[in-house]
file entry16.tsv (TSV, C-alpha atoms)
chain	number	residue	atom	x	y	z
A	1365	MET	CA	66.43	40.03	102.47
A	1366	LEU	CA	66.95	42.13	105.59
A	1367	ILE	CA	67.21	45.93	105.75
A	1368	SER	CA	70.76	45.49	107.06
A	1369	GLU	CA	71.71	43.61	103.88
A	1370	LEU	CA	70.53	46.36	101.50
A	1371	ALA	CA	73.61	48.60	101.56
A	1372	SER	CA	76.10	45.95	100.54
A	1373	ALA	CA	73.73	44.19	98.14
A	1374	LEU	CA	72.89	47.39	96.22
A	1375	GLY	CA	76.04	49.41	96.80
A	1376	LEU	CA	74.37	52.09	98.90
A	1377	GLU	CA	75.63	54.70	101.31
A	1378	THR	CA	73.96	54.39	104.74
A	1379	ALA	CA	72.63	57.83	105.70
A	1380	GLN	CA	70.55	56.79	108.71
A	1381	GLY	CA	71.40	53.44	110.23
A	1382	ALA	CA	69.40	53.42	113.46
A	1383	PHE	CA	66.58	50.95	112.77
A	1384	ALA	CA	65.16	47.69	114.03
A	1385	ASP	CA	66.26	45.14	111.44
A	1386	ARG	CA	63.54	43.19	109.65
A	1387	ALA	CA	62.76	41.43	106.40
A	1388	ILE	CA	61.89	43.41	103.27
A	1389	SER	CA	58.92	42.16	101.28
A	1390	SER	CA	58.90	44.37	98.19
A	1391	GLY	CA	59.86	47.70	96.67
A	1392	TYR	CA	58.02	50.78	95.47
A	1393	ALA	CA	59.41	53.49	93.16
A	1394	SER	CA	57.73	56.90	93.18
A	1395	ASP	CA	58.48	60.57	93.79
A	1396	LEU	CA	54.94	61.64	94.60
A	1397	LEU	CA	54.35	61.05	98.29
A	1398	SER	CA	50.59	61.13	97.74
A	1399	ASP	CA	51.08	58.14	95.43
A	1400	VAL	CA	53.36	56.41	97.95
A	1401	MET	CA	50.75	56.84	100.68
A	1402	ALA	CA	48.09	55.33	98.44
A	1403	ASN	CA	50.02	52.45	96.90
A	1404	ALA	CA	53.19	51.44	98.75
A	1405	LYS	CA	53.05	48.33	100.94
A	1406	ALA	CA	54.25	47.78	104.49
A	1407	ASP	CA	57.78	46.37	104.87
A	1408	SER	CA	58.72	47.64	101.42
A	1409	VAL	CA	61.66	49.76	100.28
A	1410	LEU	CA	60.85	53.17	98.80
A	1411	VAL	CA	63.05	54.14	95.84
A	1412	THR	CA	62.75	57.89	95.25
A	1413	VAL	CA	64.38	61.26	94.64
A	1414	GLN	CA	61.96	62.94	97.05
A	1415	ALA	CA	64.45	63.87	99.76
A	1416	HIS	CA	62.14	65.64	102.20
A	1417	LYS	CA	61.23	64.89	105.80
A	1418	ASN	CA	57.67	64.16	104.68
A	1419	ALA	CA	59.04	61.07	102.89
A	1420	VAL	CA	59.94	59.75	106.35
A	1421	ALA	CA	56.52	60.60	107.75
A	1422	VAL	CA	54.83	58.80	104.87
A	1423	ALA	CA	57.19	55.82	105.25
A	1424	SER	CA	56.33	55.66	108.93
A	1425	LEU	CA	52.60	55.91	108.16
A	1426	VAL	CA	52.69	53.11	105.57
A	1427	GLY	CA	55.20	50.95	107.43
A	1428	ILE	CA	57.90	51.26	104.78
A	1429	ALA	CA	61.11	49.72	106.11
A	1430	ALA	CA	63.69	51.79	104.26
A	1431	ILE	CA	64.08	54.74	101.89
A	1432	ILE	CA	66.67	54.82	99.12
A	1433	VAL	CA	67.31	58.33	97.80
A	1434	CYS	CA	68.70	58.19	94.26
A	1435	ASN	CA	70.92	60.39	92.09
A	1436	SER	CA	73.00	61.46	95.14
A	1437	ARG	CA	70.32	63.99	96.04
A	1438	PRO	CA	71.30	66.03	99.10
A	1439	LEU	CA	69.58	64.81	102.28
A	1440	PRO	CA	68.21	67.59	104.49
A	1441	GLU	CA	69.33	67.29	108.10
A	1442	ASP	CA	65.71	67.40	109.35
A	1443	MET	CA	64.92	64.39	107.15
A	1444	ILE	CA	67.72	62.36	108.73
A	1445	GLU	CA	66.64	63.46	112.21
A	1446	ALA	CA	63.04	62.46	111.51
A	1447	ALA	CA	64.20	59.09	110.18
A	1448	ARG	CA	66.34	58.50	113.27
A	1449	SER	CA	63.45	59.26	115.62
A	1450	GLU	CA	61.06	57.09	113.56
A	1451	GLY	CA	63.58	54.27	113.10
A	1452	VAL	CA	63.32	54.38	109.31
A	1453	ALA	CA	66.50	53.35	107.49
A	1454	VAL	CA	67.71	55.85	104.87
A	1455	PHE	CA	70.21	54.99	102.17
A	1456	ARG	CA	71.58	56.98	99.28
A	1457	SER	CA	72.71	55.92	95.84
A	1458	ALA	CA	74.55	57.72	93.06
A	1459	GLU	CA	72.47	55.73	90.58
A	1460	SER	CA	69.05	56.56	89.12
A	1461	ALA	CA	65.77	55.16	90.42
A	1462	PHE	CA	65.70	52.87	87.37
A	1463	GLU	CA	69.10	51.34	88.17
A	1464	VAL	CA	68.39	51.03	91.89
A	1465	SER	CA	64.96	49.49	91.28
A	1466	GLY	CA	66.51	46.98	88.90
A	1467	ARG	CA	69.08	45.93	91.47
A	1468	LEU	CA	66.46	45.75	94.22
A	1469	TRP	CA	64.10	43.69	92.08
A	1470	SER	CA	66.86	41.19	91.29
A	1471	ALA	CA	67.94	41.00	94.91
A	1472	LEU	CA	64.39	40.39	96.18
A	1473	LYS	CA	63.55	37.79	93.52
A	1474	ARG	CA	66.74	35.81	94.08
A	1475	PRO	CA	65.87	32.63	95.98
B	1025	MET	CA	35.42	96.73	102.85
B	1026	LYS	CA	35.03	93.62	100.73
B	1027	ALA	CA	37.64	93.30	97.99
B	1028	LEU	CA	37.79	90.80	95.15
B	1029	VAL	CA	41.35	89.52	95.24
B	1030	ASP	CA	43.26	87.27	92.85
B	1031	LEU	CA	46.80	86.36	93.84
B	1032	HIS	CA	47.69	83.86	91.11
B	1033	ASN	CA	48.29	85.11	87.56
B	1034	HIS	CA	50.87	84.27	84.92
B	1035	SER	CA	52.01	86.59	82.15
B	1036	CYS	CA	53.80	85.91	78.85
B	1037	LEU	CA	57.02	85.50	80.87
B	1038	SER	CA	55.83	82.07	82.05
B	1039	PRO	CA	56.74	79.54	79.35
B	1040	CYS	CA	53.39	77.76	79.73
B	1041	ALA	CA	51.29	80.96	79.49
B	1042	SER	CA	49.80	82.51	76.37
B	1043	LEU	CA	51.99	84.96	74.48
B	1044	GLU	CA	48.95	87.27	74.46
B	1045	GLU	CA	48.88	87.39	78.26
B	1046	SER	CA	50.80	90.67	78.72
B	1047	PRO	CA	50.83	92.39	82.12
B	1048	SER	CA	48.76	95.20	80.62
B	1049	LEU	CA	46.13	92.77	79.30
B	1050	ILE	CA	45.88	91.07	82.71
B	1051	ALA	CA	45.40	94.48	84.37
B	1052	ARG	CA	42.76	95.56	81.86
B	1053	LEU	CA	40.80	92.28	82.04
B	1054	ALA	CA	41.08	92.21	85.82
B	1055	ARG	CA	39.59	95.71	86.05
B	1056	GLU	CA	36.86	94.91	83.49
B	1057	ARG	CA	35.94	91.71	85.34
B	1058	GLY	CA	35.60	93.45	88.68
B	1059	LEU	CA	38.77	92.51	90.56
B	1060	ASP	CA	40.09	94.98	93.15
B	1061	LEU	CA	43.52	93.56	94.00
B	1062	VAL	CA	45.66	91.44	91.70
B	1063	ALA	CA	49.11	89.84	91.96
B	1064	LEU	CA	51.37	88.78	89.12
B	1065	THR	CA	53.04	85.45	89.88
B	1066	ASP	CA	55.16	84.13	87.03
B	1067	HIS	CA	57.15	80.92	87.41
B	1068	ASN	CA	60.42	81.54	89.25
B	1069	SER	CA	60.75	85.14	88.01
B	1070	ALA	CA	59.44	88.64	88.66
B	1071	LEU	CA	60.80	90.28	85.50
B	1072	ASN	CA	57.35	91.41	84.32
B	1073	CYS	CA	56.43	92.98	87.67
B	1074	PRO	CA	57.57	96.53	86.77
B	1075	ALA	CA	55.30	96.48	83.69
B	1076	PHE	CA	52.47	95.03	85.78
B	1077	GLY	CA	52.80	97.83	88.33
B	1078	GLU	CA	52.59	100.49	85.63
B	1079	ALA	CA	49.67	98.70	83.90
B	1080	CYS	CA	47.73	98.52	87.18
B	1081	ARG	CA	48.42	102.20	87.85
B	1082	ARG	CA	46.84	103.02	84.47
B	1083	GLU	CA	43.79	100.88	85.28
B	1084	ALA	CA	43.51	102.27	88.84
B	1085	LEU	CA	43.86	98.72	90.14
B	1086	ALA	CA	45.81	97.75	93.29
B	1087	PRO	CA	48.77	95.48	92.43
B	1088	LEU	CA	50.93	93.06	94.36
B	1089	PHE	CA	54.11	91.52	93.02
B	1090	GLY	CA	54.90	87.87	93.29
B	1091	ILE	CA	56.60	84.77	92.03
B	1092	GLU	CA	55.27	81.24	91.85
B	1093	ALA	CA	58.44	79.47	92.94
B	1094	CYS	CA	59.00	75.75	92.32
B	1095	SER	CA	60.96	73.94	95.03
B	1096	VAL	CA	63.30	71.02	94.41
B	1097	GLU	CA	60.46	68.64	95.39
B	1098	GLU	CA	58.41	70.31	92.58
B	1099	VAL	CA	56.01	72.00	94.97
B	1100	HIS	CA	54.69	75.37	93.80
B	1101	VAL	CA	54.44	78.21	96.29
B	1102	LEU	CA	53.24	81.80	95.81
B	1103	CYS	CA	55.67	84.35	97.27
B	1104	ILE	CA	54.04	87.78	97.16
B	1105	PHE	CA	55.59	91.17	97.90
B	1106	GLY	CA	54.31	94.71	98.26
B	1107	SER	CA	56.68	96.20	95.69
B	1108	ALA	CA	58.11	95.19	92.32
B	1109	GLU	CA	61.60	95.91	93.65
B	1110	GLU	CA	61.31	93.33	96.44
B	1111	ALA	CA	59.91	90.76	94.01
B	1112	LEU	CA	62.74	91.46	91.56
B	1113	ALA	CA	65.34	91.07	94.31
B	1114	PHE	CA	63.88	87.70	95.33
B	1115	GLY	CA	63.75	86.70	91.64
B	1116	GLU	CA	67.43	87.56	91.37
B	1117	GLU	CA	68.13	85.16	94.25
B	1118	LEU	CA	66.05	82.42	92.58
B	1119	ARG	CA	67.90	82.94	89.28
B	1120	SER	CA	71.03	81.54	90.94
B	1121	LEU	CA	69.05	78.44	91.99
B	1122	LEU	CA	67.75	77.60	88.50
B	1123	PRO	CA	69.53	74.59	87.01
B	1124	GLU	CA	71.34	75.04	83.70
B	1125	LEU	CA	69.09	73.09	81.38
B	1126	PRO	CA	68.77	73.22	77.61
B	1127	TYR	CA	65.93	75.63	76.74
B	1128	ASP	CA	64.15	75.54	73.38
B	1129	PRO	CA	61.30	78.09	73.12
B	1130	GLU	CA	59.83	76.03	70.26
B	1131	LYS	CA	59.32	73.06	72.58
B	1132	LEU	CA	58.93	74.68	76.00
B	1133	GLY	CA	57.16	77.95	75.17
B	1134	ASP	CA	58.18	81.59	74.88
B	1135	GLN	CA	59.34	83.64	77.87
B	1136	VAL	CA	58.89	87.32	77.15
B	1137	VAL	CA	59.75	90.33	79.28
B	1138	VAL	CA	57.69	93.33	78.20
B	1139	ASP	CA	56.91	96.86	79.26
B	1140	ALA	CA	53.44	98.22	80.01
B	1141	ASP	CA	52.97	99.02	76.30
B	1142	GLU	CA	53.72	95.43	75.26
B	1143	ASN	CA	57.14	96.27	73.80
B	1144	VAL	CA	59.47	93.28	74.09
B	1145	LEU	CA	62.37	94.09	76.42
B	1146	ASP	CA	64.06	90.73	76.79
B	1147	LEU	CA	63.77	87.02	76.02
B	1148	PRO	CA	65.53	85.19	78.87
B	1149	ASP	CA	67.59	82.33	77.40
B	1150	TYR	CA	67.28	80.10	80.50
B	1151	PHE	CA	64.22	77.96	81.26
B	1152	LEU	CA	62.05	79.39	84.03
B	1153	GLY	CA	59.82	76.34	84.39
B	1154	SER	CA	62.26	74.07	86.21
B	1155	ALA	CA	62.48	73.15	89.85
B	1156	LEU	CA	64.85	75.39	91.81
B	1157	SER	CA	67.77	73.82	93.70
B	1158	ILE	CA	66.21	74.61	97.06
B	1159	GLY	CA	63.97	72.57	99.35
B	1160	PHE	CA	60.37	73.63	99.98
B	1161	ASP	CA	60.93	74.42	103.67
B	1162	GLU	CA	64.02	76.53	103.01
B	1163	LEU	CA	62.35	78.29	100.07
B	1164	CYS	CA	59.36	79.26	102.22
B	1165	ALA	CA	61.65	80.40	105.05
B	1166	GLN	CA	63.67	82.60	102.67
B	1167	ALA	CA	60.55	84.17	101.15
B	1168	ALA	CA	59.07	84.81	104.61
B	1169	GLY	CA	62.40	86.24	105.77
B	1170	ARG	CA	62.16	88.79	102.95
B	1171	GLY	CA	58.67	89.77	104.09
B	1172	ALA	CA	56.66	87.94	101.45
B	1173	LEU	CA	53.22	86.45	101.86
B	1174	VAL	CA	53.90	82.72	101.60
B	1175	ILE	CA	51.02	80.73	100.14
B	1176	PRO	CA	51.49	77.12	98.97
B	1177	ALA	CA	49.75	76.98	95.57
B	1178	HIS	CA	46.83	74.72	94.60
B	1179	VAL	CA	47.58	72.38	97.51
B	1180	ASP	CA	44.97	69.84	96.40
B	1181	ARG	CA	45.97	69.48	92.75
B	1182	PRO	CA	47.43	66.18	91.52
B	1183	MET	CA	50.71	67.77	90.35
B	1184	PHE	CA	53.17	70.40	91.62
B	1185	SER	CA	51.36	70.67	94.93
B	1186	VAL	CA	52.05	70.07	98.60
B	1187	GLY	CA	49.47	67.29	98.43
B	1188	SER	CA	50.90	65.46	95.43
B	1189	GLN	CA	54.61	65.92	96.16
B	1190	LEU	CA	54.77	65.88	99.94
B	1191	GLY	CA	51.55	64.13	100.94
B	1192	PHE	CA	50.65	66.75	103.54
B	1193	LEU	CA	51.60	70.32	104.51
B	1194	PRO	CA	54.71	70.39	106.70
B	1195	PRO	CA	54.84	73.15	109.35
B	1196	GLY	CA	56.05	76.45	107.89
B	1197	PRO	CA	55.68	80.24	107.79
B	1198	TYR	CA	52.56	80.28	105.62
B	1199	ASP	CA	49.92	83.01	105.55
B	1200	ALA	CA	47.27	80.89	103.81
B	1201	VAL	CA	47.00	78.06	101.32
B	1202	GLU	CA	45.57	78.23	97.81
B	1203	SER	CA	43.24	75.40	96.93
B	1204	MET	CA	40.83	74.30	94.21
B	1205	ARG	CA	38.20	73.11	96.72
B	1206	GLU	CA	37.83	73.17	100.49
B	1207	PRO	CA	41.12	71.48	101.43
B	1208	ALA	CA	41.49	68.56	103.82
B	1209	PRO	CA	43.00	69.56	107.20
B	1210	GLU	CA	46.32	67.91	106.38
B	1211	LEU	CA	46.64	70.22	103.35
B	1212	SER	CA	45.47	73.46	104.97
B	1213	GLY	CA	47.30	73.12	108.26
B	1214	GLY	CA	44.35	74.97	109.78
B	1215	LEU	CA	45.13	78.10	107.74
B	1216	ALA	CA	42.68	80.08	105.62
B	1217	ALA	CA	42.20	78.59	102.15
B	1218	ILE	CA	41.89	80.97	99.22
B	1219	SER	CA	41.05	80.39	95.58
B	1220	GLY	CA	43.19	81.75	92.75
B	1221	SER	CA	42.72	81.90	89.00
B	1222	ASP	CA	46.18	80.52	88.08
B	1223	ALA	CA	45.50	82.43	84.85
B	1224	HIS	CA	47.63	81.39	81.89
B	1225	TYR	CA	45.26	82.66	79.15
B	1226	PRO	CA	43.11	85.80	78.87
B	1227	GLU	CA	39.94	83.78	79.45
B	1228	HIS	CA	41.32	82.60	82.81
B	1229	VAL	CA	41.64	86.07	84.33
B	1230	ALA	CA	39.26	86.50	87.27
B	1231	ARG	CA	37.86	82.95	87.04
B	1232	ARG	CA	38.52	82.07	90.72
B	1233	PRO	CA	38.96	85.22	92.85
B	1234	THR	CA	38.67	85.30	96.64
B	1235	LEU	CA	36.53	87.81	98.51
B	1236	VAL	CA	38.63	89.37	101.30
B	1237	GLU	CA	37.55	91.71	104.09
B	1238	LEU	CA	40.14	94.55	104.10
B	1239	PRO	CA	40.28	97.75	106.16
B	1240	GLU	CA	38.41	100.67	104.62
B	1241	GLY	CA	40.67	102.51	102.14
B	1242	ALA	CA	43.30	99.73	102.11
B	1243	LEU	CA	43.38	99.72	98.31
B	1244	GLU	CA	44.00	103.47	97.91
B	1245	PRO	CA	47.36	104.19	96.21
B	1246	SER	CA	48.44	106.15	99.30
B	1247	GLU	CA	48.02	102.93	101.35
B	1248	ALA	CA	50.19	100.86	98.98
B	1249	PRO	CA	53.10	100.55	101.46
B	1250	ARG	CA	50.71	98.98	104.01
B	1251	LEU	CA	48.61	96.90	101.62
B	1252	LEU	CA	50.60	93.66	101.94
B	1253	GLU	CA	50.36	93.71	105.74
B	1254	SER	CA	46.64	94.52	105.62
B	1255	LEU	CA	46.14	91.53	103.37
B	1256	ARG	CA	48.34	89.32	105.58
B	1257	ALA	CA	46.25	90.29	108.62
B	1258	ALA	CA	43.02	89.49	106.77
B	1259	LEU	CA	44.36	86.09	105.63
B	1260	ARG	CA	45.61	85.23	109.10
B	1261	ALA	CA	42.25	86.24	110.54
B	1262	GLY	CA	40.48	84.03	108.01
B	1263	SER	CA	38.46	86.97	106.65
B	1264	VAL	CA	38.19	85.34	103.24
B	1265	ARG	CA	35.59	83.67	101.06
B	1266	PRO	CA	37.09	81.56	98.26
B	1267	SER	CA	35.27	81.16	94.96
B	1268	TRP	CA	34.07	77.62	95.76
B	1269	ALA	CA	32.26	78.97	98.81
B	1270	ALA	CA	30.55	81.80	96.95
B	1271	SER	CA	26.78	81.68	96.68
B	1272	PRO	CA	25.61	80.26	93.33
B	1273	SER	CA	25.17	82.83	90.58
B	1274	PRO	CA	21.70	83.39	89.10
B	1275	ARG	CA	22.70	81.31	86.08
B	1276	GLY	CA	23.72	78.50	88.36
B	1277	THR	CA	27.33	78.54	87.14
B	1278	PRO	CA	30.14	78.58	89.70
call {"tool": "encode", "arguments": {"input": "entry16.tsv", "output": "structure tokens"}}
result
Amino acid sequence: MLISELASALGLETAQGAFADRAISSGYASDLLSDVMANAKADSVLVTVQAHKNAVAVASLVGIAAIIVCNSRPLPEDMIEAARSEGVAVFRSAESAFEVSGRLWSALKRP
Amino acid sequence: MKALVDLHNHSCLSPCASLEESPSLIARLARERGLDLVALTDHNSALNCPAFGEACRREALAPLFGIEACSVEEVHVLCIFGSAEEALAFGEELRSLLPELPYDPEKLGDQVVVDADENVLDLPDYFLGSALSIGFDELCAQAAGRGALVIPAHVDRPMFSVGSQLGFLPPGPYDAVESMREPAPELSGGLAAISGSDAHYPEHVARRPTLVELPEGALEPSEAPRLLESLRAALRAGSVRPSWAASPSPRGTP
């Protein structure tokens, strides 16, 4: 699955759509960015409620392809700006991290 | 002059603190245990600051008045003012940012507003332990705008810290960081690191003070209006020695 296919596949709102499209390998759900730094994999999708510009910095550091912010959390403008300059895709969902992770898992496992 | 300073203390207003931990007990124990300058920093509220000011006056101890605010990312930050009135005004602002959540003192702990004689004045019926509906950067900017010392709390702890929640310290109007050990550069941002007791129980009072070099006479009551700025200057100048850097005691205990 490509980053560009995430929004329609999971019913997401695209908050930052300036990114170089590539394949997603896996997902990681966490709200502690220290944990994301330690455990998330490159080319993964981060499912989180941690809507802060540091989430973008950590994503960039780890090589995370996209961030999905759950529960319709407000997205700070400086987070979107950081994501645009780093080329990290940011999506938003009204659903919880559990629901979004479930949908993402199914979508990634589908042959 | 060298002053033993502790800027992180919770009273019985904090739901997670001991009911015994009245502002007057903190002031008495702080004086008995050799502290010179002490701040009260309850979670998201300053309602016990007036009692703390009076209790410190009785103990001839210099007080500062703070709040340990919890941002929406669940990062704790100490916001410390020179007067109880300023702390109360900031607390009033934070009150409007507390989410309406069910609060059961049986499950979450008591929150007690008292006077300096330990008379109960109020039992707030809203939970003070939640995350405020305000981002960390905006919270710090607002506190700094009101003249507070802004000190991210226990930056290296595995929960409720800049390190755990945000991975590293974003740029901001901080005067220092509080840490459990010498913090990594990405958590200190090059600022002075201080220790703090984060006292929730009587036995915690004065367990991790910081030695600060202050101007001679800075702790005199007549200097109270200038105390916060004297402390800010000392923090910014790095004139501090946190408890982890102190020379070992004769008994070999930290």
call {"tool": "closest_atom_pairs", "arguments": {"input": "entry16.tsv", "of": "chain B", "to": "chain A", "cutoff": "6 Å", "atoms": "all atoms listed in the file", "output": "JSON lines"}}
result
{"residue": "B:Ser1188", "atom": "CA", "partner": "A:Ser1398", "partner_atom": "CA", "distance": 4.9}
{"residue": "B:Gln1189", "atom": "CA", "partner": "A:Leu1396", "partner_atom": "CA", "distance": 4.6}
{"residue": "B:Leu1190", "atom": "CA", "partner": "A:Leu1397", "partner_atom": "CA", "distance": 5.1}
{"residue": "B:Gly1191", "atom": "CA", "partner": "A:Ser1398", "partner_atom": "CA", "distance": 4.5}
call {"tool": "residues_near_point", "arguments": {"input": "entry16.tsv", "point": "(73.3, 58.8, 99.5)", "cutoff": "8 Å", "atoms": "all atoms listed in the file", "output": "VMD selection string"}}
result
chain A and resid 1376 to 1379 1432 to 1439 1455 to 1458
call {"tool": "write_last_selection", "arguments": {"input": "entry16.tsv", "atoms": "C-alpha atoms", "output": "short mmCIF file (atom, residue, chain, number, x, y, z; two decimals), in the coordinates of the input"}}
result
data_model
loop_
_atom_site.label_atom_id
_atom_site.label_comp_id
_atom_site.auth_asym_id
_atom_site.auth_seq_id
_atom_site.Cartn_x
_atom_site.Cartn_y
_atom_site.Cartn_z
CA LEU A 1376 74.37 52.09 98.90
CA GLU A 1377 75.63 54.70 101.31
CA THR A 1378 73.96 54.39 104.74
CA ALA A 1379 72.63 57.83 105.70
CA ILE A 1432 66.67 54.82 99.12
CA VAL A 1433 67.31 58.33 97.80
CA CYS A 1434 68.70 58.19 94.26
CA ASN A 1435 70.92 60.39 92.09
CA SER A 1436 73.00 61.46 95.14
CA ARG A 1437 70.32 63.99 96.04
CA PRO A 1438 71.30 66.03 99.10
CA LEU A 1439 69.58 64.81 102.28
CA PHE A 1455 70.21 54.99 102.17
CA ARG A 1456 71.58 56.98 99.28
CA SER A 1457 72.71 55.92 95.84
CA ALA A 1458 74.55 57.72 93.06
#
call {"tool": "atom_distance", "arguments": {"input": "entry16.tsv", "atom1": "CA of Gly1159 (chain B)", "atom2": "CA of Leu1215 (chain B)"}}
result
21.4 Å
call {"tool": "atom_distance", "arguments": {"input": "entry16.tsv", "atom1": "CA of Asp1407 (chain A)", "atom2": "CA of Phe1192 (chain B)"}}
result
21.6 Å
call {"tool": "atom_distance", "arguments": {"input": "entry16.tsv", "atom1": "CA of Ser1390 (chain A)", "atom2": "CA of Val1409 (chain A)"}}
result
6.4 Å
call {"tool": "closest_residue", "arguments": {"input": "entry16.tsv", "among": "B:Leu1156, B:Ala1140, B:Ile1175, B:Val1186", "to": "Glu1045 (chain B)", "atoms": "all atoms listed in the file"}}
result
B:Ala1140
call {"tool": "residues_around", "arguments": {"input": "entry16.tsv", "residues": "region 1447-1454 of chain A", "least_positions_apart": "5", "cutoff": "8 Å", "atoms": "all atoms listed in the file", "output": "PyMOL selection string"}}
result
chain A and resi 1367+1378-1384+1417+1420+1423-1424+1428-1433
call {"tool": "residues_around", "arguments": {"input": "entry16.tsv", "residues": "region 1081-1092 of chain B", "least_positions_apart": "2", "cutoff": "9 Å", "atoms": "all atoms listed in the file", "output": "tab-separated table (two decimals) with C-alpha atoms, keeping the file's coordinate frame"}}
result
chain	number	residue	atom	x	y	z
B	1031	LEU	CA	46.80	86.36	93.84
B	1032	HIS	CA	47.69	83.86	91.11
B	1034	HIS	CA	50.87	84.27	84.92
B	1048	SER	CA	48.76	95.20	80.62
B	1051	ALA	CA	45.40	94.48	84.37
B	1052	ARG	CA	42.76	95.56	81.86
B	1054	ALA	CA	41.08	92.21	85.82
B	1055	ARG	CA	39.59	95.71	86.05
B	1059	LEU	CA	38.77	92.51	90.56
B	1060	ASP	CA	40.09	94.98	93.15
B	1061	LEU	CA	43.52	93.56	94.00
B	1062	VAL	CA	45.66	91.44	91.70
B	1063	ALA	CA	49.11	89.84	91.96
B	1064	LEU	CA	51.37	88.78	89.12
B	1065	THR	CA	53.04	85.45	89.88
B	1066	ASP	CA	55.16	84.13	87.03
B	1067	HIS	CA	57.15	80.92	87.41
B	1068	ASN	CA	60.42	81.54	89.25
B	1069	SER	CA	60.75	85.14	88.01
B	1070	ALA	CA	59.44	88.64	88.66
B	1073	CYS	CA	56.43	92.98	87.67
B	1074	PRO	CA	57.57	96.53	86.77
B	1076	PHE	CA	52.47	95.03	85.78
B	1077	GLY	CA	52.80	97.83	88.33
B	1078	GLU	CA	52.59	100.49	85.63
B	1079	ALA	CA	49.67	98.70	83.90
B	1094	CYS	CA	59.00	75.75	92.32
B	1100	HIS	CA	54.69	75.37	93.80
B	1101	VAL	CA	54.44	78.21	96.29
B	1102	LEU	CA	53.24	81.80	95.81
B	1103	CYS	CA	55.67	84.35	97.27
B	1104	ILE	CA	54.04	87.78	97.16
B	1105	PHE	CA	55.59	91.17	97.90
B	1106	GLY	CA	54.31	94.71	98.26
B	1107	SER	CA	56.68	96.20	95.69
B	1108	ALA	CA	58.11	95.19	92.32
B	1109	GLU	CA	61.60	95.91	93.65
B	1110	GLU	CA	61.31	93.33	96.44
B	1111	ALA	CA	59.91	90.76	94.01
B	1112	LEU	CA	62.74	91.46	91.56
B	1114	PHE	CA	63.88	87.70	95.33
B	1115	GLY	CA	63.75	86.70	91.64
B	1172	ALA	CA	56.66	87.94	101.45
B	1173	LEU	CA	53.22	86.45	101.86
B	1177	ALA	CA	49.75	76.98	95.57
B	1243	LEU	CA	43.38	99.72	98.31
B	1244	GLU	CA	44.00	103.47	97.91
B	1245	PRO	CA	47.36	104.19	96.21
B	1248	ALA	CA	50.19	100.86	98.98
B	1251	LEU	CA	48.61	96.90	101.62
B	1252	LEU	CA	50.60	93.66	101.94
call {"tool": "build_atoms", "arguments": {"input": "entry16.tsv", "residues": "region 1378-1390 of chain A", "atoms": "N, CA and C atoms", "output": "tab-separated table (two decimals), in the coordinates of the input"}}
result
chain	number	residue	atom	x	y	z
A	1378	THR	N	74.93	54.36	103.65
A	1378	THR	CA	73.96	54.39	104.74
A	1378	THR	C	73.91	55.80	105.34
A	1379	ALA	N	72.76	56.45	105.21
A	1379	ALA	CA	72.63	57.83	105.70
A	1379	ALA	C	72.00	57.87	107.09
A	1380	GLN	N	71.18	56.88	107.39
A	1380	GLN	CA	70.55	56.79	108.71
A	1380	GLN	C	70.44	55.31	109.05
A	1381	GLY	N	71.30	54.87	109.98
A	1381	GLY	CA	71.40	53.44	110.23
A	1381	GLY	C	70.81	52.97	111.55
A	1382	ALA	N	70.04	53.84	112.21
A	1382	ALA	CA	69.40	53.42	113.46
A	1382	ALA	C	68.01	52.90	113.18
A	1383	PHE	N	67.89	51.56	113.07
A	1383	PHE	CA	66.58	50.95	112.77
A	1383	PHE	C	66.54	49.55	113.36
A	1384	ALA	N	65.33	49.07	113.60
A	1384	ALA	CA	65.16	47.69	114.03
A	1384	ALA	C	65.16	46.83	112.77
A	1385	ASP	N	66.11	45.91	112.68
A	1385	ASP	CA	66.26	45.14	111.44
A	1385	ASP	C	65.06	44.22	111.23
A	1386	ARG	N	64.62	44.11	109.98
A	1386	ARG	CA	63.54	43.19	109.65
A	1386	ARG	C	63.58	42.84	108.17
A	1387	ALA	N	62.76	41.90	107.79
A	1387	ALA	CA	62.76	41.43	106.40
A	1387	ALA	C	62.01	42.41	105.50
A	1388	ILE	N	62.53	42.56	104.27
A	1388	ILE	CA	61.89	43.41	103.27
A	1388	ILE	C	61.04	42.53	102.36
A	1389	SER	N	59.81	42.99	102.10
A	1389	SER	CA	58.92	42.16	101.28
A	1389	SER	C	58.89	42.59	99.82
A	1390	SER	N	59.04	43.88	99.56
A	1390	SER	CA	58.90	44.37	98.19
A	1390	SER	C	59.50	45.76	98.06
